[in-house]
Structures are given as structure tokens and as C-alpha cells.
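**Student:** Sharing data07.pdb below, PDB, C-alpha atoms and all ligand atoms:
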```pdb
ATOM      1  CA  MET A1424      27.775 103.076 194.269
ATOM      2  CA  ALA A1425      29.586 106.328 193.575
ATOM      3  CA  ARG A1426      31.081 106.574 190.087
ATOM      4  CA  ASN A1427      32.801 109.424 188.377
ATOM      5  CA  PRO A1428      34.293 109.940 184.886
ATOM      6  CA  VAL A1429      37.820 109.178 186.128
ATOM      7  CA  GLU A1430      36.684 105.764 187.366
ATOM      8  CA  LEU A1431      34.705 105.065 184.198
ATOM      9  CA  ALA A1432      37.688 105.830 181.962
ATOM     10  CA  GLY A1433      40.190 104.088 184.197
ATOM     11  CA  ALA A1434      42.269 107.253 184.035
ATOM     12  CA  THR A1435      45.008 108.320 186.375
ATOM     13  CA  PRO A1436      45.220 112.112 186.259
ATOM     14  CA  GLY A1437      48.623 113.718 186.432
ATOM     15  CA  PRO A1438      49.553 116.096 189.217
ATOM     16  CA  SER A1439      47.618 119.325 189.578
ATOM     17  CA  PHE A1440      49.230 122.699 188.946
ATOM     18  CA  GLU A1441      48.262 126.353 189.329
ATOM     19  CA  ILE A1442      47.267 129.258 187.164
ATOM     20  CA  THR A1443      46.624 132.773 188.387
ATOM     21  CA  MET A1444      43.361 134.673 187.971
ATOM     22  CA  ASP A1445      43.724 138.379 188.761
ATOM     23  CA  GLY A1446      46.483 137.488 191.197
ATOM     24  CA  ARG A1447      44.585 134.623 192.849
ATOM     25  CA  ALA A1448      46.074 131.137 192.626
ATOM     26  CA  VAL A1449      43.680 128.679 190.959
ATOM     27  CA  PRO A1450      44.310 124.908 191.072
ATOM     28  CA  VAL A1451      44.046 123.021 187.767
ATOM     29  CA  LEU A1452      43.847 119.350 186.890
ATOM     30  CA  PRO A1453      45.646 118.320 183.698
ATOM     31  CA  GLY A1454      43.331 118.630 180.719
ATOM     32  CA  GLN A1455      41.066 121.290 182.156
ATOM     33  CA  SER A1456      40.288 124.358 180.113
ATOM     34  CA  ILE A1457      40.820 127.723 181.731
ATOM     35  CA  ALA A1458      37.037 128.122 182.067
ATOM     36  CA  ALA A1459      36.715 124.706 183.764
ATOM     37  CA  ALA A1460      39.460 125.578 186.223
ATOM     38  CA  LEU A1461      37.894 128.950 187.021
ATOM     39  CA  TRP A1462      34.479 127.363 187.521
ATOM     40  CA  SER A1463      35.984 124.716 189.773
ATOM     41  CA  ALA A1464      37.429 127.512 191.893
ATOM     42  CA  GLY A1465      34.039 129.232 192.133
ATOM     43  CA  ILE A1466      34.946 132.038 189.719
ATOM     44  CA  LEU A1467      31.963 132.559 187.420
ATOM     45  CA  ALA A1468      32.750 135.873 185.670
ATOM     46  CA  TRP A1469      36.017 137.047 184.086
ATOM     47  CA  ARG A1470      34.922 139.604 181.499
ATOM     48  CA  THR A1471      32.778 142.731 181.372
ATOM     49  CA  THR A1472      30.636 143.696 178.403
ATOM     50  CA  ARG A1473      31.599 146.557 176.090
ATOM     51  CA  VAL A1474      28.465 148.660 176.535
ATOM     52  CA  ASN A1475      27.301 148.358 180.122
ATOM     53  CA  GLY A1476      30.204 146.650 181.865
ATOM     54  CA  ARG A1477      28.071 143.652 182.838
ATOM     55  CA  PRO A1478      29.862 140.539 184.154
ATOM     56  CA  ARG A1479      30.243 137.531 181.869
ATOM     57  CA  GLY A1480      31.827 134.085 182.092
ATOM     58  CA  ALA A1481      31.221 130.820 180.265
ATOM     59  CA  PHE A1482      27.798 130.303 178.657
ATOM     60  CA  CYS A1483      27.915 127.636 175.932
ATOM     61  CA  GLY A1484      31.173 125.992 176.967
ATOM     62  CA  ILE A1485      31.881 124.830 173.386
ATOM     63  CA  GLY A1486      33.378 127.875 171.670
ATOM     64  CA  SER A1487      30.229 129.240 170.036
ATOM     65  CA  CYS A1488      29.048 132.215 172.082
ATOM     66  CA  PHE A1489      32.253 134.155 172.893
ATOM     67  CA  ASP A1490      30.905 135.038 176.348
ATOM     68  CA  CYS A1491      33.992 133.542 178.011
ATOM     69  CA  LEU A1492      36.601 135.871 176.528
ATOM     70  CA  ALA A1493      39.532 136.472 178.836
ATOM     71  CA  THR A1494      43.000 137.896 178.691
ATOM     72  CA  VAL A1495      45.496 135.030 178.925
ATOM     73  CA  ASN A1496      49.183 135.795 179.309
ATOM     74  CA  GLY A1497      48.537 139.324 178.028
ATOM     75  CA  ALA A1498      46.592 138.228 174.931
ATOM     76  CA  PRO A1499      42.985 139.501 175.006
ATOM     77  CA  ASN A1500      39.928 137.799 173.512
ATOM     78  CA  GLN A1501      40.896 134.210 174.290
ATOM     79  CA  ARG A1502      37.922 131.843 174.590
ATOM     80  CA  ALA A1503      38.540 130.427 178.038
ATOM     81  CA  CYS A1504      36.330 127.400 177.357
ATOM     82  CA  LEU A1505      38.644 126.303 174.531
ATOM     83  CA  VAL A1506      42.073 127.244 175.881
ATOM     84  CA  PRO A1507      43.751 124.412 177.802
ATOM     85  CA  ALA A1508      45.202 125.677 181.058
ATOM     86  CA  ARG A1509      48.983 125.449 181.273
ATOM     87  CA  PRO A1510      51.113 125.741 184.398
ATOM     88  CA  GLY A1511      51.718 129.354 185.316
ATOM     89  CA  ASP A1512      49.154 130.889 182.958
ATOM     90  CA  LEU A1513      48.257 134.438 183.969
ATOM     91  CA  VAL A1514      44.567 135.111 183.402
ATOM     92  CA  THR A1515      43.137 138.578 183.914
ATOM     93  CA  THR A1516      39.631 139.965 183.734
ATOM     94  CA  GLN A1517      38.972 141.447 180.324
ATOM     95  CA  GLU A1518      37.361 144.870 180.286
ATOM     96  CA  GLY A1519      35.186 145.681 177.251
ATOM     97  CA  HIS A1520      36.769 144.754 173.930
ATOM     98  CA  GLY A1521      40.106 143.977 175.555
ATOM     99  CA  ARG A1522      42.033 146.432 173.419
ATOM    100  CA  ALA A1523      42.453 149.366 175.786
ATOM    101  CA  ASP A1524      46.157 149.265 174.916
ATOM    102  CA  LEU A1525      45.269 150.469 171.396
ATOM    103  CA  ALA A1526      43.252 153.506 172.550
ATOM    104  CA  VAL A1527      44.512 156.882 171.353
TER
HETATM  105  S1  LIG B1601      31.519 129.751 176.741
HETATM  106 FE1  LIG B1601      30.768 130.123 174.767
HETATM  107  S2  LIG B1601      32.578 130.440 173.577
HETATM  108 FE2  LIG B1601      33.306 129.926 175.550
END
```
For this file, produce the structure as C-alpha cells.

**Tutor:**
Amino acid sequence: MARNPVELAGATPGPSFEITMDGRAVPVLPGQSIAAALWSAGILAWRTTRVNGRPRGAFCGIGSCFDCLATVNGAPNQRACLVPARPGDLVTTQEGHGRADLAV
């Protein structure tokens, strides 16, 4: 017997919507975090490290490690695992510390 969390909770999810990740449309179910939506779409990395430019995505998934930082609607350093996705959110890959706009 196949069971999933929706069946166990007796929930009826609302309609899906879309966010955009680096220009790519990503489907989202109501209640998903940005990280959950990106994972569901097969996107595993959305940040590069400050020193070596290595790819990073979600690690802990509970707001503790800061690996999942992303730029959301132009605001850098948002923990994607904690930010609920909202219709039309524009998510972009964050390079380094995410503050290139402050460079002199
Ligand atoms: S995955 Fe660790 S803070 Fe988001």
C-alpha cells in the first residue's frame, strides 16, 4: 500500500505556482521552501564559495549551516531552506559573499 505525507495528513494542497531560478521556471507546491522547490526540480547548487568558487546548495536543511545561501528577489544571503517560496520569486545564484554590488 503506497502512502505519502499528503495522504497521512489528509491534506489537499493548493495549486502549484512557479518561481524562477537563474531564468529557469521552477514549479512549487504551496508550503515548500525555496530549497525544497529547487531540489524537486533537480537543482542541487545555487551558491559558490567565497574562496574557491565551489558549488553549494542545501546541507542541513534546518537553518544551521548557511550552505544554502541564495539571492532572492535581489536580496543576497537568504537561507533558501528557511525561506518559503512565493509566486514569482526570482532566485539567482549567489557568487561569493553576495555583496559584489558594494565593491569599490
Ligand atoms: S541548508 Fe543549512 S542553513 Fe540552509

**Student:** Quote the spacing between atom CA of A:Val1429 and atom CA of A:Ala1459 in Å to one decimal place.

**Tutor:** 15.7 Å

**Student:** Please write the residues picked by the PyMOL selection byres (((not hetatm)) within 12 of (chain B and resi 1601)) on this file as an NGL selection string.

**Tutor:** :A and (1456-1459 or 1462 or 1467-1470 or 1479-1493 or 1500-1506)

**Student:** Give me, as a short mmCIF file (atom, residue, chain, number, x, y, z; two decimals) with C-alpha atoms, in the coordinates of the input, all polymer residues having an atom no more than 8 Å from A:Asp1445, counting all atoms listed in the file and skipping those fewer than 6 positions away in the same chain.

**Tutor:**
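around_27.cif written:
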```cif
data_model
loop_
_atom_site.label_atom_id
_atom_site.label_comp_id
_atom_site.auth_asym_id
_atom_site.auth_seq_id
_atom_site.Cartn_x
_atom_site.Cartn_y
_atom_site.Cartn_z
CA LEU A 1513 48.26 134.44 183.97
CA VAL A 1514 44.57 135.11 183.40
CA THR A 1515 43.14 138.58 183.91
CA THR A 1516 39.63 139.96 183.73
#
```

**Student:** Tell me which of A:Gly1465, A:Leu1431, A:Gly1519, A:Gly1476 sits closest to A:Arg1447, counting only C-alpha atoms.

**Tutor:**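 Between A:Gly1465, A:Leu1431, A:Gly1519, A:Gly1476, the residue approaching A:Arg1447 most closely is A:Gly1465.
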
**Student:** Enclose all atoms of stretch 1453-1461 of chain A listed in the file in an axis-aligned box, grow every side by 4 Å, and hand back centre and edge lengths in Å to one decimal, as lines of an AutoDock Vina configuration file.

**Tutor:**
```
center_x = 41.2
center_y = 123.6
center_z = 183.6
size_x = 16.9
size_y = 18.6
size_z = 14.9
```

**Student:** Grab the atom CA of A:Pro1453 to atom CA of A:Phe1440 distance for me, in Å with one decimal place.

**Tutor:**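 Distance reported for this atom pair: 7.7 Å.
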
**Student:** Where does the PyMOL selection byres (((chain A and resi 1437) around 8) and not hetatm) land in this file, that is, which residues does it pick, as a list in words?

**Tutor:**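 For this structure, the PyMOL selection byres (((chain A and resi 1437) around 8) and not hetatm) resolves to Thr1435, Pro1436, Pro1438, Ser1439, Leu1452 and Pro1453 of chain A.
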
**Student:** Would you put the residues from that selection into a file with C-alpha atoms, as a compact mmCIF listing (two decimals), in the coordinates of the input?

**Tutor:**
```
# COMPACT_ATOMS: atom_id res chain seq x y z
CA THR A 1435 45.01 108.32 186.38
CA PRO A 1436 45.22 112.11 186.26
CA PRO A 1438 49.55 116.10 189.22
CA SER A 1439 47.62 119.32 189.58
CA LEU A 1452 43.85 119.35 186.89
CA PRO A 1453 45.65 118.32 183.70
```

**Student:** Would you kindly place N, CA, C and O atoms on stretch 1458-1483 of chain A and return the model as a compact mmCIF listing (two decimals), keeping the file's coordinate frame?

**Tutor:**
```txt
# COMPACT_ATOMS: atom_id res chain seq x y z
N ALA A 1458 38.39 127.91 181.53
CA ALA A 1458 37.04 128.12 182.07
C ALA A 1458 36.68 127.05 183.10
O ALA A 1458 36.11 127.35 184.15
N ALA A 1459 37.02 125.80 182.82
CA ALA A 1459 36.72 124.71 183.76
C ALA A 1459 37.45 124.92 185.08
O ALA A 1459 36.88 124.70 186.16
N ALA A 1460 38.70 125.35 184.99
CA ALA A 1460 39.46 125.58 186.22
C ALA A 1460 38.86 126.73 187.02
O ALA A 1460 38.75 126.66 188.25
N LEU A 1461 38.47 127.81 186.32
CA LEU A 1461 37.89 128.95 187.02
C LEU A 1461 36.57 128.56 187.66
O LEU A 1461 36.30 128.90 188.82
N TRP A 1462 35.75 127.83 186.94
CA TRP A 1462 34.48 127.36 187.52
C TRP A 1462 34.72 126.51 188.75
O TRP A 1462 34.05 126.65 189.76
N SER A 1463 35.69 125.60 188.65
CA SER A 1463 35.98 124.72 189.77
C SER A 1463 36.40 125.49 191.01
O SER A 1463 36.20 125.04 192.13
N ALA A 1464 36.99 126.68 190.77
CA ALA A 1464 37.43 127.51 191.89
C ALA A 1464 36.34 128.48 192.34
O ALA A 1464 36.57 129.33 193.20
N GLY A 1465 35.15 128.37 191.73
CA GLY A 1465 34.04 129.23 192.13
C GLY A 1465 34.05 130.60 191.48
O GLY A 1465 33.32 131.50 191.89
N ILE A 1466 34.88 130.76 190.44
CA ILE A 1466 34.95 132.04 189.72
C ILE A 1466 34.03 131.91 188.51
O ILE A 1466 34.28 131.10 187.62
N LEU A 1467 32.97 132.70 188.47
CA LEU A 1467 31.96 132.56 187.42
C LEU A 1467 32.00 133.67 186.38
O LEU A 1467 31.37 133.54 185.33
N ALA A 1468 32.69 134.76 186.63
CA ALA A 1468 32.75 135.87 185.67
C ALA A 1468 34.19 136.35 185.56
O ALA A 1468 34.88 136.50 186.56
N TRP A 1469 34.65 136.58 184.31
CA TRP A 1469 36.02 137.05 184.09
C TRP A 1469 36.07 137.98 182.88
O TRP A 1469 37.08 138.13 182.23
N ARG A 1470 34.96 138.63 182.59
CA ARG A 1470 34.92 139.60 181.50
C ARG A 1470 33.80 140.57 181.81
O ARG A 1470 32.84 140.22 182.51
N THR A 1471 33.90 141.80 181.30
CA THR A 1471 32.78 142.73 181.37
C THR A 1471 32.40 143.12 179.95
O THR A 1471 33.25 143.18 179.06
N THR A 1472 31.11 143.38 179.75
CA THR A 1472 30.64 143.70 178.40
C THR A 1472 31.08 145.09 177.97
O THR A 1472 31.36 145.96 178.80
N ARG A 1473 31.13 145.29 176.66
CA ARG A 1473 31.60 146.56 176.09
C ARG A 1473 30.69 147.72 176.45
O ARG A 1473 31.16 148.80 176.73
N VAL A 1474 29.39 147.53 176.41
CA VAL A 1474 28.46 148.66 176.54
C VAL A 1474 28.16 149.00 177.99
O VAL A 1474 28.33 150.14 178.41
N ASN A 1475 27.75 148.05 178.76
CA ASN A 1475 27.30 148.36 180.12
C ASN A 1475 28.21 147.81 181.22
O ASN A 1475 27.89 147.96 182.40
N GLY A 1476 29.29 147.18 180.85
CA GLY A 1476 30.20 146.65 181.86
C GLY A 1476 29.60 145.54 182.71
O GLY A 1476 29.94 145.39 183.87
N ARG A 1477 28.71 144.75 182.10
CA ARG A 1477 28.07 143.65 182.84
C ARG A 1477 29.02 142.45 182.91
O ARG A 1477 29.78 142.20 181.98
N PRO A 1478 28.97 141.69 184.01
CA PRO A 1478 29.86 140.54 184.15
C PRO A 1478 29.47 139.37 183.25
O PRO A 1478 28.29 139.10 183.05
N ARG A 1479 30.47 138.71 182.71
CA ARG A 1479 30.24 137.53 181.87
C ARG A 1479 31.30 136.47 182.18
O ARG A 1479 32.42 136.78 182.54
N GLY A 1480 30.91 135.22 181.96
CA GLY A 1480 31.83 134.08 182.09
C GLY A 1480 31.49 133.10 181.00
O GLY A 1480 31.14 133.50 179.89
N ALA A 1481 31.56 131.82 181.27
CA ALA A 1481 31.22 130.82 180.26
C ALA A 1481 29.71 130.69 180.14
O ALA A 1481 28.98 130.76 181.13
N PHE A 1482 29.22 130.51 178.91
CA PHE A 1482 27.80 130.30 178.66
C PHE A 1482 27.60 128.97 177.92
O PHE A 1482 27.01 128.05 178.45
N CYS A 1483 28.13 128.87 176.70
CA CYS A 1483 27.92 127.64 175.93
C CYS A 1483 28.93 126.54 176.31
O CYS A 1483 28.61 125.37 176.29
```
